[in-house]
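Peer 1: Sharing query_38.cif, mmCIF, C-alpha atoms, pLDDT in the B column; chains and numbers go by the auth columns:
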data_my_file
#
loop_
_atom_site.group_PDB
_atom_site.id
_atom_site.type_symbol
_atom_site.label_atom_id
_atom_site.label_comp_id
_atom_site.label_asym_id
_atom_site.label_seq_id
_atom_site.Cartn_x
_atom_site.Cartn_y
_atom_site.Cartn_z
_atom_site.B_iso_or_equiv
_atom_site.auth_seq_id
_atom_site.auth_asym_id
ATOM 1 C CA MET A 1 18.575 -12.588 43.757 56.00 227 A
ATOM 2 C CA ARG A 2 17.549 -8.949 43.630 62.00 228 A
ATOM 3 C CA LEU A 3 18.409 -6.626 40.769 57.00 229 A
ATOM 4 C CA PRO A 4 20.440 -3.588 41.658 65.00 230 A
ATOM 5 C CA ARG A 5 18.382 -0.381 41.619 66.00 231 A
ATOM 6 C CA ALA A 6 20.371 0.904 38.655 62.00 232 A
ATOM 7 C CA LEU A 7 19.034 -1.977 36.516 62.00 233 A
ATOM 8 C CA ALA A 8 15.411 -1.653 37.621 62.00 234 A
ATOM 9 C CA PRO A 9 13.020 -0.052 35.109 63.00 235 A
ATOM 10 C CA ARG A 10 12.450 3.638 35.697 65.00 236 A
ATOM 11 C CA THR A 11 9.252 3.903 33.709 64.00 237 A
ATOM 12 C CA VAL A 12 6.468 1.369 33.589 59.00 238 A
ATOM 13 C CA VAL A 13 4.195 1.518 30.569 52.00 239 A
ATOM 14 C CA SER A 14 1.123 -0.366 29.478 52.00 240 A
ATOM 15 C CA ALA A 15 -0.875 -0.687 26.297 52.00 241 A
ATOM 16 C CA HIS A 16 -4.169 -2.344 25.498 50.00 242 A
ATOM 17 C CA CYS A 17 -2.882 -3.965 22.311 50.00 243 A
ATOM 18 C CA ASP A 18 0.239 -5.789 21.220 52.00 244 A
ATOM 19 C CA LEU A 19 1.191 -3.177 18.614 53.00 245 A
ATOM 20 C CA PRO A 20 0.209 0.439 18.102 53.00 246 A
ATOM 21 C CA CYS A 21 -3.494 0.564 17.335 54.00 247 A
ATOM 22 C CA GLY A 22 -2.886 2.442 14.126 59.00 248 A
ATOM 23 C CA ILE A 23 -2.208 -0.850 12.337 77.00 249 A
ATOM 24 C CA TYR A 24 -5.768 -2.097 12.752 89.00 250 A
ATOM 25 C CA ASP A 25 -8.483 -1.020 10.348 92.00 251 A
ATOM 26 C CA PRO A 26 -11.672 -2.768 9.181 96.00 252 A
ATOM 27 C CA ALA A 27 -11.003 -1.295 5.731 96.00 253 A
ATOM 28 C CA GLN A 28 -8.756 -4.268 5.004 96.00 254 A
ATOM 29 C CA ALA A 29 -11.672 -6.683 5.440 97.00 255 A
ATOM 30 C CA ARG A 30 -13.988 -4.361 3.504 98.00 256 A
ATOM 31 C CA ILE A 31 -11.616 -4.175 0.523 98.00 257 A
ATOM 32 C CA GLU A 32 -11.425 -7.965 0.327 98.00 258 A
ATOM 33 C CA ALA A 33 -15.219 -8.248 0.628 98.00 259 A
ATOM 34 C CA GLU A 34 -15.651 -5.677 -2.149 98.00 260 A
ATOM 35 C CA SER A 35 -13.325 -7.782 -4.318 98.00 261 A
ATOM 36 C CA VAL A 36 -15.433 -10.854 -3.582 98.00 262 A
ATOM 37 C CA LYS A 37 -18.585 -8.990 -4.646 98.00 263 A
ATOM 38 C CA ALA A 38 -16.974 -7.678 -7.852 98.00 264 A
ATOM 39 C CA ILE A 39 -15.787 -11.176 -8.753 98.00 265 A
ATOM 40 C CA ALA A 40 -19.250 -12.638 -8.107 97.00 266 A
ATOM 41 C CA GLU A 41 -20.804 -9.982 -10.341 98.00 267 A
ATOM 42 C CA LYS A 42 -18.339 -10.656 -13.186 97.00 268 A
ATOM 43 C CA PHE A 43 -18.920 -14.386 -12.772 97.00 269 A
ATOM 44 C CA GLN A 44 -22.675 -13.914 -13.367 96.00 270 A
ATOM 45 C CA TYR A 45 -22.080 -12.404 -16.825 95.00 271 A
ATOM 46 C CA SER A 46 -19.461 -14.792 -18.165 96.00 272 A
ATOM 47 C CA ASP A 47 -19.902 -17.902 -20.276 97.00 273 A
ATOM 48 C CA ASP A 48 -16.173 -18.663 -20.267 97.00 274 A
ATOM 49 C CA GLU A 49 -15.601 -21.764 -18.113 97.00 275 A
ATOM 50 C CA ALA A 50 -11.878 -21.062 -17.684 98.00 276 A
ATOM 51 C CA PHE A 51 -12.693 -17.539 -16.492 97.00 277 A
ATOM 52 C CA LYS A 52 -15.323 -18.883 -14.092 97.00 278 A
ATOM 53 C CA GLU A 53 -12.881 -21.392 -12.590 97.00 279 A
ATOM 54 C CA ARG A 54 -10.292 -18.671 -12.070 97.00 280 A
ATOM 55 C CA ALA A 55 -12.951 -16.346 -10.622 97.00 281 A
ATOM 56 C CA ILE A 56 -13.956 -18.965 -8.049 97.00 282 A
ATOM 57 C CA PHE A 57 -10.319 -19.533 -7.062 97.00 283 A
ATOM 58 C CA ILE A 58 -9.583 -15.811 -6.654 97.00 284 A
ATOM 59 C CA LYS A 59 -12.884 -15.194 -4.846 97.00 285 A
ATOM 60 C CA GLU A 60 -12.058 -17.890 -2.312 96.00 286 A
ATOM 61 C CA GLU A 61 -8.605 -16.374 -1.706 97.00 287 A
ATOM 62 C CA ARG A 62 -10.148 -12.928 -1.154 98.00 288 A
ATOM 63 C CA ALA A 63 -12.819 -14.392 1.150 98.00 289 A
ATOM 64 C CA GLU A 64 -10.142 -16.096 3.236 97.00 290 A
ATOM 65 C CA LEU A 65 -8.214 -12.821 3.498 97.00 291 A
ATOM 66 C CA CYS A 66 -11.390 -11.031 4.542 98.00 292 A
ATOM 67 C CA LYS A 67 -11.979 -13.622 7.245 97.00 293 A
ATOM 68 C CA HIS A 68 -8.367 -13.283 8.378 96.00 294 A
ATOM 69 C CA HIS A 69 -8.656 -9.495 8.722 96.00 295 A
ATOM 70 C CA LEU A 70 -11.885 -9.876 10.687 98.00 296 A
ATOM 71 C CA TRP A 71 -10.253 -12.403 13.028 96.00 297 A
ATOM 72 C CA VAL A 72 -7.309 -10.071 13.627 94.00 298 A
ATOM 73 C CA LEU A 73 -9.678 -7.271 14.639 95.00 299 A
ATOM 74 C CA TRP A 74 -11.766 -9.630 16.769 96.00 300 A
ATOM 75 C CA THR A 75 -8.880 -11.262 18.593 93.00 301 A
ATOM 76 C CA ASP A 76 -6.137 -8.612 18.622 92.00 302 A
ATOM 77 C CA TYR A 77 -7.753 -5.184 18.584 93.00 303 A
ATOM 78 C CA PHE A 78 -11.001 -5.520 20.519 94.00 304 A
ATOM 79 C CA LYS A 79 -10.595 -6.111 24.259 93.00 305 A
ATOM 80 C CA ALA A 80 -12.932 -6.916 27.161 95.00 306 A
ATOM 81 C CA PRO A 81 -14.038 -3.297 27.735 95.00 307 A
ATOM 82 C CA HIS A 82 -15.145 -3.066 24.080 96.00 308 A
ATOM 83 C CA PHE A 83 -17.216 -6.243 24.379 97.00 309 A
ATOM 84 C CA GLU A 84 -18.779 -4.920 27.579 97.00 310 A
ATOM 85 C CA LYS A 85 -19.686 -1.600 25.957 97.00 311 A
ATOM 86 C CA TYR A 86 -20.904 -3.253 22.728 98.00 312 A
ATOM 87 C CA PRO A 87 -22.584 -6.510 23.786 97.00 313 A
ATOM 88 C CA ASN A 88 -23.479 -7.398 20.174 97.00 314 A
ATOM 89 C CA LEU A 89 -19.851 -7.241 19.001 98.00 315 A
ATOM 90 C CA ASN A 90 -19.087 -10.954 19.389 97.00 316 A
ATOM 91 C CA GLN A 91 -22.276 -11.806 17.497 98.00 317 A
ATOM 92 C CA LEU A 92 -21.365 -9.359 14.702 98.00 318 A
ATOM 93 C CA PHE A 93 -17.941 -10.935 14.303 98.00 319 A
ATOM 94 C CA ASN A 94 -19.386 -14.427 14.408 98.00 320 A
ATOM 95 C CA GLU A 95 -21.890 -13.560 11.686 98.00 321 A
ATOM 96 C CA ALA A 96 -19.307 -11.698 9.592 98.00 322 A
ATOM 97 C CA THR A 97 -16.705 -14.475 9.707 98.00 323 A
ATOM 98 C CA LYS A 98 -19.354 -17.043 8.812 98.00 324 A
ATOM 99 C CA LEU A 99 -20.411 -14.843 5.870 98.00 325 A
ATOM 100 C CA ALA A 100 -16.753 -14.730 4.778 98.00 326 A
ATOM 101 C CA GLY A 101 -16.526 -18.520 5.067 96.00 327 A
ATOM 102 C CA ALA A 102 -17.990 -21.596 3.417 95.00 328 A
ATOM 103 C CA SER A 103 -21.551 -20.892 4.540 95.00 329 A
ATOM 104 C CA GLY A 104 -21.243 -17.411 3.029 97.00 330 A
ATOM 105 C CA VAL A 105 -19.264 -15.977 0.128 97.00 331 A
ATOM 106 C CA LYS A 106 -16.843 -18.897 -0.166 95.00 332 A
ATOM 107 C CA GLY A 107 -19.782 -21.171 -0.869 93.00 333 A
ATOM 108 C CA SER A 108 -21.722 -18.800 -3.098 96.00 334 A
ATOM 109 C CA MET A 109 -21.304 -16.767 -6.244 96.00 335 A
ATOM 110 C CA ASP A 110 -24.287 -14.572 -5.352 97.00 336 A
ATOM 111 C CA PRO A 111 -23.349 -10.884 -5.048 98.00 337 A
ATOM 112 C CA ALA A 112 -26.196 -10.480 -2.517 98.00 338 A
ATOM 113 C CA VAL A 113 -24.287 -12.687 -0.067 98.00 339 A
ATOM 114 C CA ALA A 114 -21.289 -10.383 -0.469 98.00 340 A
ATOM 115 C CA ASP A 115 -23.608 -7.446 0.273 98.00 341 A
ATOM 116 C CA GLN A 116 -24.605 -9.143 3.533 98.00 342 A
ATOM 117 C CA LEU A 117 -20.917 -9.513 4.435 98.00 343 A
ATOM 118 C CA LEU A 118 -20.236 -5.877 3.578 98.00 344 A
ATOM 119 C CA ALA A 119 -23.145 -4.800 5.812 98.00 345 A
ATOM 120 C CA LYS A 120 -21.694 -6.719 8.772 98.00 346 A
ATOM 121 C CA ILE A 121 -18.264 -5.224 8.145 98.00 347 A
ATOM 122 C CA GLU A 122 -19.855 -1.765 8.107 98.00 348 A
ATOM 123 C CA GLU A 123 -21.474 -2.414 11.500 98.00 349 A
ATOM 124 C CA ILE A 124 -18.112 -3.556 12.894 98.00 350 A
ATOM 125 C CA SER A 125 -16.417 -0.549 11.335 98.00 351 A
ATOM 126 C CA LYS A 126 -18.791 1.887 13.056 98.00 352 A
ATOM 127 C CA ILE A 127 -18.012 0.335 16.429 98.00 353 A
ATOM 128 C CA PHE A 128 -14.297 0.269 15.643 96.00 354 A
ATOM 129 C CA TRP A 129 -14.211 3.995 14.863 95.00 355 A
ATOM 130 C CA GLU A 130 -16.231 4.780 17.984 95.00 356 A
ATOM 131 C CA THR A 131 -13.585 2.973 20.051 94.00 357 A
ATOM 132 C CA LYS A 132 -10.841 4.953 18.325 88.00 358 A
ATOM 133 C CA GLN A 133 -12.481 8.192 19.538 85.00 359 A
ATOM 134 C CA ALA A 134 -12.274 7.077 23.167 70.00 360 A
#
Using structure tokens, write down the structure that the file contains.
Peer 2:
Amino acid sequence: MRLPRALAPRTVVSAHCDLPCGIYDPAQARIEAESVKAIAEKFQYSDDEAFKERAIFIKEERAELCKHHLWVLWTDYFKAPHFEKYPNLNQLFNEATKLAGASGVKGSMDPAVADQLLAKIEEISKIFWETKQA
């Protein structure tokens, strides 16, 4: 059955993402990673076991949120042309999400590990903003 011409779309549009790109920003991951680092630093200077337990719990929540924001960028914002132009992008995301996970800040209270995560997020951020200029 064919649709009458009056019901056919008059304008065909396309977009490279599922929502307007303005919703994506690596700053969300960076903010969570900065929280993780601040918590790890406070943890180092405390002798209060209850505080330390709470710090670990909150740090792990923030790390999971950081990983989530990285995954959203990786899977929803960046598309094939980005990965072609920036061949190291998949590796950066792989390293960053691992640093946000159990082998990184979730498994460590060392602020230096958080610094490593922040450095990866900064590399991703630079690429992200370059793609926004295009």
Peer 1: Quote the spacing between atom CA of A:Glu279 and atom CA of A:Ala340 in Å to one decimal place.
Peer 2: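 Rounded to one decimal, the two atoms are 18.4 Å apart.
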Peer 1: List the spatial neighbours of A:His295 as a PyMOL selection string - criterion: any atom at most 10 Å away, only C-alpha atoms, same-chain residues fewer than 6 positions off excluded.
Peer 2: chain A and resi 250-256+258+289+323
Peer 1: What is the atom CA of A:Ser329 to atom CA of A:Tyr312 distance in Å?
Peer 2: 25.3 Å
Peer 1: Which residues would end up in the selection if the PyMOL selection byres ((chain A and resi 264) around 12) were applied here, given that I need the answer as a PyMOL selection string?
Peer 2: chain A and resi 257-263+265-271+281-282+284-285+288-289+331+335-341
Peer 1: Using atom CA of A:Ala326 and atom CA of A:Glu290 as the two end points, give the distance in Å to one decimal.
Peer 2: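 Spanning atom CA of A:Ala326 to atom CA of A:Glu290 is a straight-line distance of 6.9 Å.
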Peer 1: I would like the residues chosen by the PyMOL selection byres ((chain A and resi 298) around 12) on the shown file; could you give them as a PyMOL selection string?
Peer 2: chain A and resi 243-244+247+249-252+254-255+291-297+299-305+319+323
Peer 1: Determine the nearest neighbour of A:Leu318 from the options A:Glu348, A:Thr357, A:Glu287, A:Gly333, counting all atoms listed in the file.
Peer 2: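 Closest to A:Leu318, using all atoms listed in the file: A:Glu348.
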Peer 1: Please provide the set of residues having any atom within 9 Å of A:His308, restricted to only C-alpha atoms, with same-chain residues fewer than 5 positions apart removed, written as a list in words.
Peer 2: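 Near neighbours after the sequence-gap exclusion: Pro313, Leu315, Ile353 and Thr357 of chain A.
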Peer 1: When you get a chance, write out N, CA and C atoms for stretch 303-333 of chain A, as an mmCIF file, in the coordinates of the input.
Peer 2:
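Final output, saved to result.cif:
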data_model
loop_
_atom_site.group_PDB
_atom_site.id
_atom_site.type_symbol
_atom_site.label_atom_id
_atom_site.label_comp_id
_atom_site.auth_asym_id
_atom_site.auth_seq_id
_atom_site.Cartn_x
_atom_site.Cartn_y
_atom_site.Cartn_z
ATOM 1 N N TYR A 303 -7.435 -6.580 18.294
ATOM 2 C CA TYR A 303 -7.753 -5.184 18.584
ATOM 3 C C TYR A 303 -8.780 -5.049 19.714
ATOM 4 N N PHE A 304 -9.930 -5.691 19.540
ATOM 5 C CA PHE A 304 -11.001 -5.520 20.519
ATOM 6 C C PHE A 304 -10.668 -6.265 21.810
ATOM 7 N N LYS A 305 -10.896 -5.584 22.929
ATOM 8 C CA LYS A 305 -10.595 -6.111 24.259
ATOM 9 C C LYS A 305 -11.877 -6.159 25.092
ATOM 10 N N ALA A 306 -11.770 -6.735 26.280
ATOM 11 C CA ALA A 306 -12.932 -6.916 27.161
ATOM 12 C C ALA A 306 -13.783 -5.657 27.337
ATOM 13 N N PRO A 307 -13.190 -4.491 27.569
ATOM 14 C CA PRO A 307 -14.038 -3.297 27.735
ATOM 15 C C PRO A 307 -14.882 -2.988 26.493
ATOM 16 N N HIS A 308 -14.366 -3.281 25.305
ATOM 17 C CA HIS A 308 -15.145 -3.066 24.080
ATOM 18 C C HIS A 308 -16.357 -4.000 24.044
ATOM 19 N N PHE A 309 -16.122 -5.266 24.415
ATOM 20 C CA PHE A 309 -17.216 -6.243 24.379
ATOM 21 C C PHE A 309 -18.261 -5.937 25.447
ATOM 22 N N GLU A 310 -17.832 -5.331 26.540
ATOM 23 C CA GLU A 310 -18.779 -4.920 27.579
ATOM 24 C C GLU A 310 -19.621 -3.744 27.080
ATOM 25 N N LYS A 311 -18.976 -2.783 26.443
ATOM 26 C CA LYS A 311 -19.686 -1.600 25.957
ATOM 27 C C LYS A 311 -20.589 -1.926 24.769
ATOM 28 N N TYR A 312 -20.157 -2.867 23.931
ATOM 29 C CA TYR A 312 -20.904 -3.253 22.728
ATOM 30 C C TYR A 312 -21.238 -4.746 22.827
ATOM 31 N N PRO A 313 -22.291 -5.092 23.540
ATOM 32 C CA PRO A 313 -22.584 -6.510 23.786
ATOM 33 C C PRO A 313 -22.888 -7.326 22.533
ATOM 34 N N ASN A 314 -23.201 -6.671 21.418
ATOM 35 C CA ASN A 314 -23.479 -7.398 20.174
ATOM 36 C C ASN A 314 -22.220 -7.633 19.335
ATOM 37 N N LEU A 315 -21.071 -7.179 19.807
ATOM 38 C CA LEU A 315 -19.851 -7.241 19.001
ATOM 39 C C LEU A 315 -19.417 -8.668 18.691
ATOM 40 N N ASN A 316 -19.443 -9.554 19.667
ATOM 41 C CA ASN A 316 -19.087 -10.954 19.389
ATOM 42 C C ASN A 316 -20.018 -11.559 18.349
ATOM 43 N N GLN A 317 -21.310 -11.278 18.462
ATOM 44 C CA GLN A 317 -22.276 -11.806 17.497
ATOM 45 C C GLN A 317 -22.005 -11.247 16.099
ATOM 46 N N LEU A 318 -21.690 -9.961 16.005
ATOM 47 C CA LEU A 318 -21.365 -9.359 14.702
ATOM 48 C C LEU A 318 -20.168 -10.055 14.068
ATOM 49 N N PHE A 319 -19.125 -10.264 14.853
ATOM 50 C CA PHE A 319 -17.941 -10.935 14.303
ATOM 51 C C PHE A 319 -18.244 -12.370 13.916
ATOM 52 N N ASN A 320 -19.021 -13.054 14.731
ATOM 53 C CA ASN A 320 -19.386 -14.427 14.408
ATOM 54 C C ASN A 320 -20.136 -14.479 13.075
ATOM 55 N N GLU A 321 -21.107 -13.589 12.925
ATOM 56 C CA GLU A 321 -21.890 -13.560 11.686
ATOM 57 C C GLU A 321 -21.024 -13.150 10.495
ATOM 58 N N ALA A 322 -20.161 -12.164 10.692
ATOM 59 C CA ALA A 322 -19.307 -11.698 9.592
ATOM 60 C C ALA A 322 -18.324 -12.779 9.152
ATOM 61 N N THR A 323 -17.687 -13.446 10.100
ATOM 62 C CA THR A 323 -16.705 -14.475 9.707
ATOM 63 C C THR A 323 -17.397 -15.666 9.052
ATOM 64 N N LYS A 324 -18.609 -15.976 9.493
ATOM 65 C CA LYS A 324 -19.354 -17.043 8.812
ATOM 66 C C LYS A 324 -19.727 -16.615 7.390
ATOM 67 N N LEU A 325 -20.096 -15.344 7.218
ATOM 68 C CA LEU A 325 -20.411 -14.843 5.870
ATOM 69 C C LEU A 325 -19.167 -14.825 4.974
ATOM 70 N N ALA A 326 -17.990 -14.683 5.564
ATOM 71 C CA ALA A 326 -16.753 -14.730 4.778
ATOM 72 C C ALA A 326 -16.323 -16.168 4.495
ATOM 73 N N GLY A 327 -16.923 -17.118 5.192
ATOM 74 C CA GLY A 327 -16.526 -18.520 5.067
ATOM 75 C C GLY A 327 -17.391 -19.330 4.129
ATOM 76 N N ALA A 328 -17.332 -20.656 4.309
ATOM 77 C CA ALA A 328 -17.990 -21.596 3.417
ATOM 78 C C ALA A 328 -19.508 -21.455 3.398
ATOM 79 N N SER A 329 -20.094 -21.060 4.525
ATOM 80 C CA SER A 329 -21.551 -20.892 4.540
ATOM 81 C C SER A 329 -21.963 -19.525 4.000
ATOM 82 N N GLY A 330 -20.991 -18.735 3.587
ATOM 83 C CA GLY A 330 -21.243 -17.411 3.029
ATOM 84 C C GLY A 330 -20.656 -17.283 1.640
ATOM 85 N N VAL A 331 -19.782 -16.293 1.463
ATOM 86 C CA VAL A 331 -19.264 -15.977 0.128
ATOM 87 C C VAL A 331 -18.341 -17.047 -0.448
ATOM 88 N N LYS A 332 -17.678 -17.830 0.401
ATOM 89 C CA LYS A 332 -16.843 -18.897 -0.166
ATOM 90 C C LYS A 332 -17.689 -19.979 -0.811
ATOM 91 N N GLY A 333 -18.903 -20.140 -0.334
ATOM 92 C CA GLY A 333 -19.782 -21.171 -0.869
ATOM 93 C C GLY A 333 -20.821 -20.660 -1.839
#
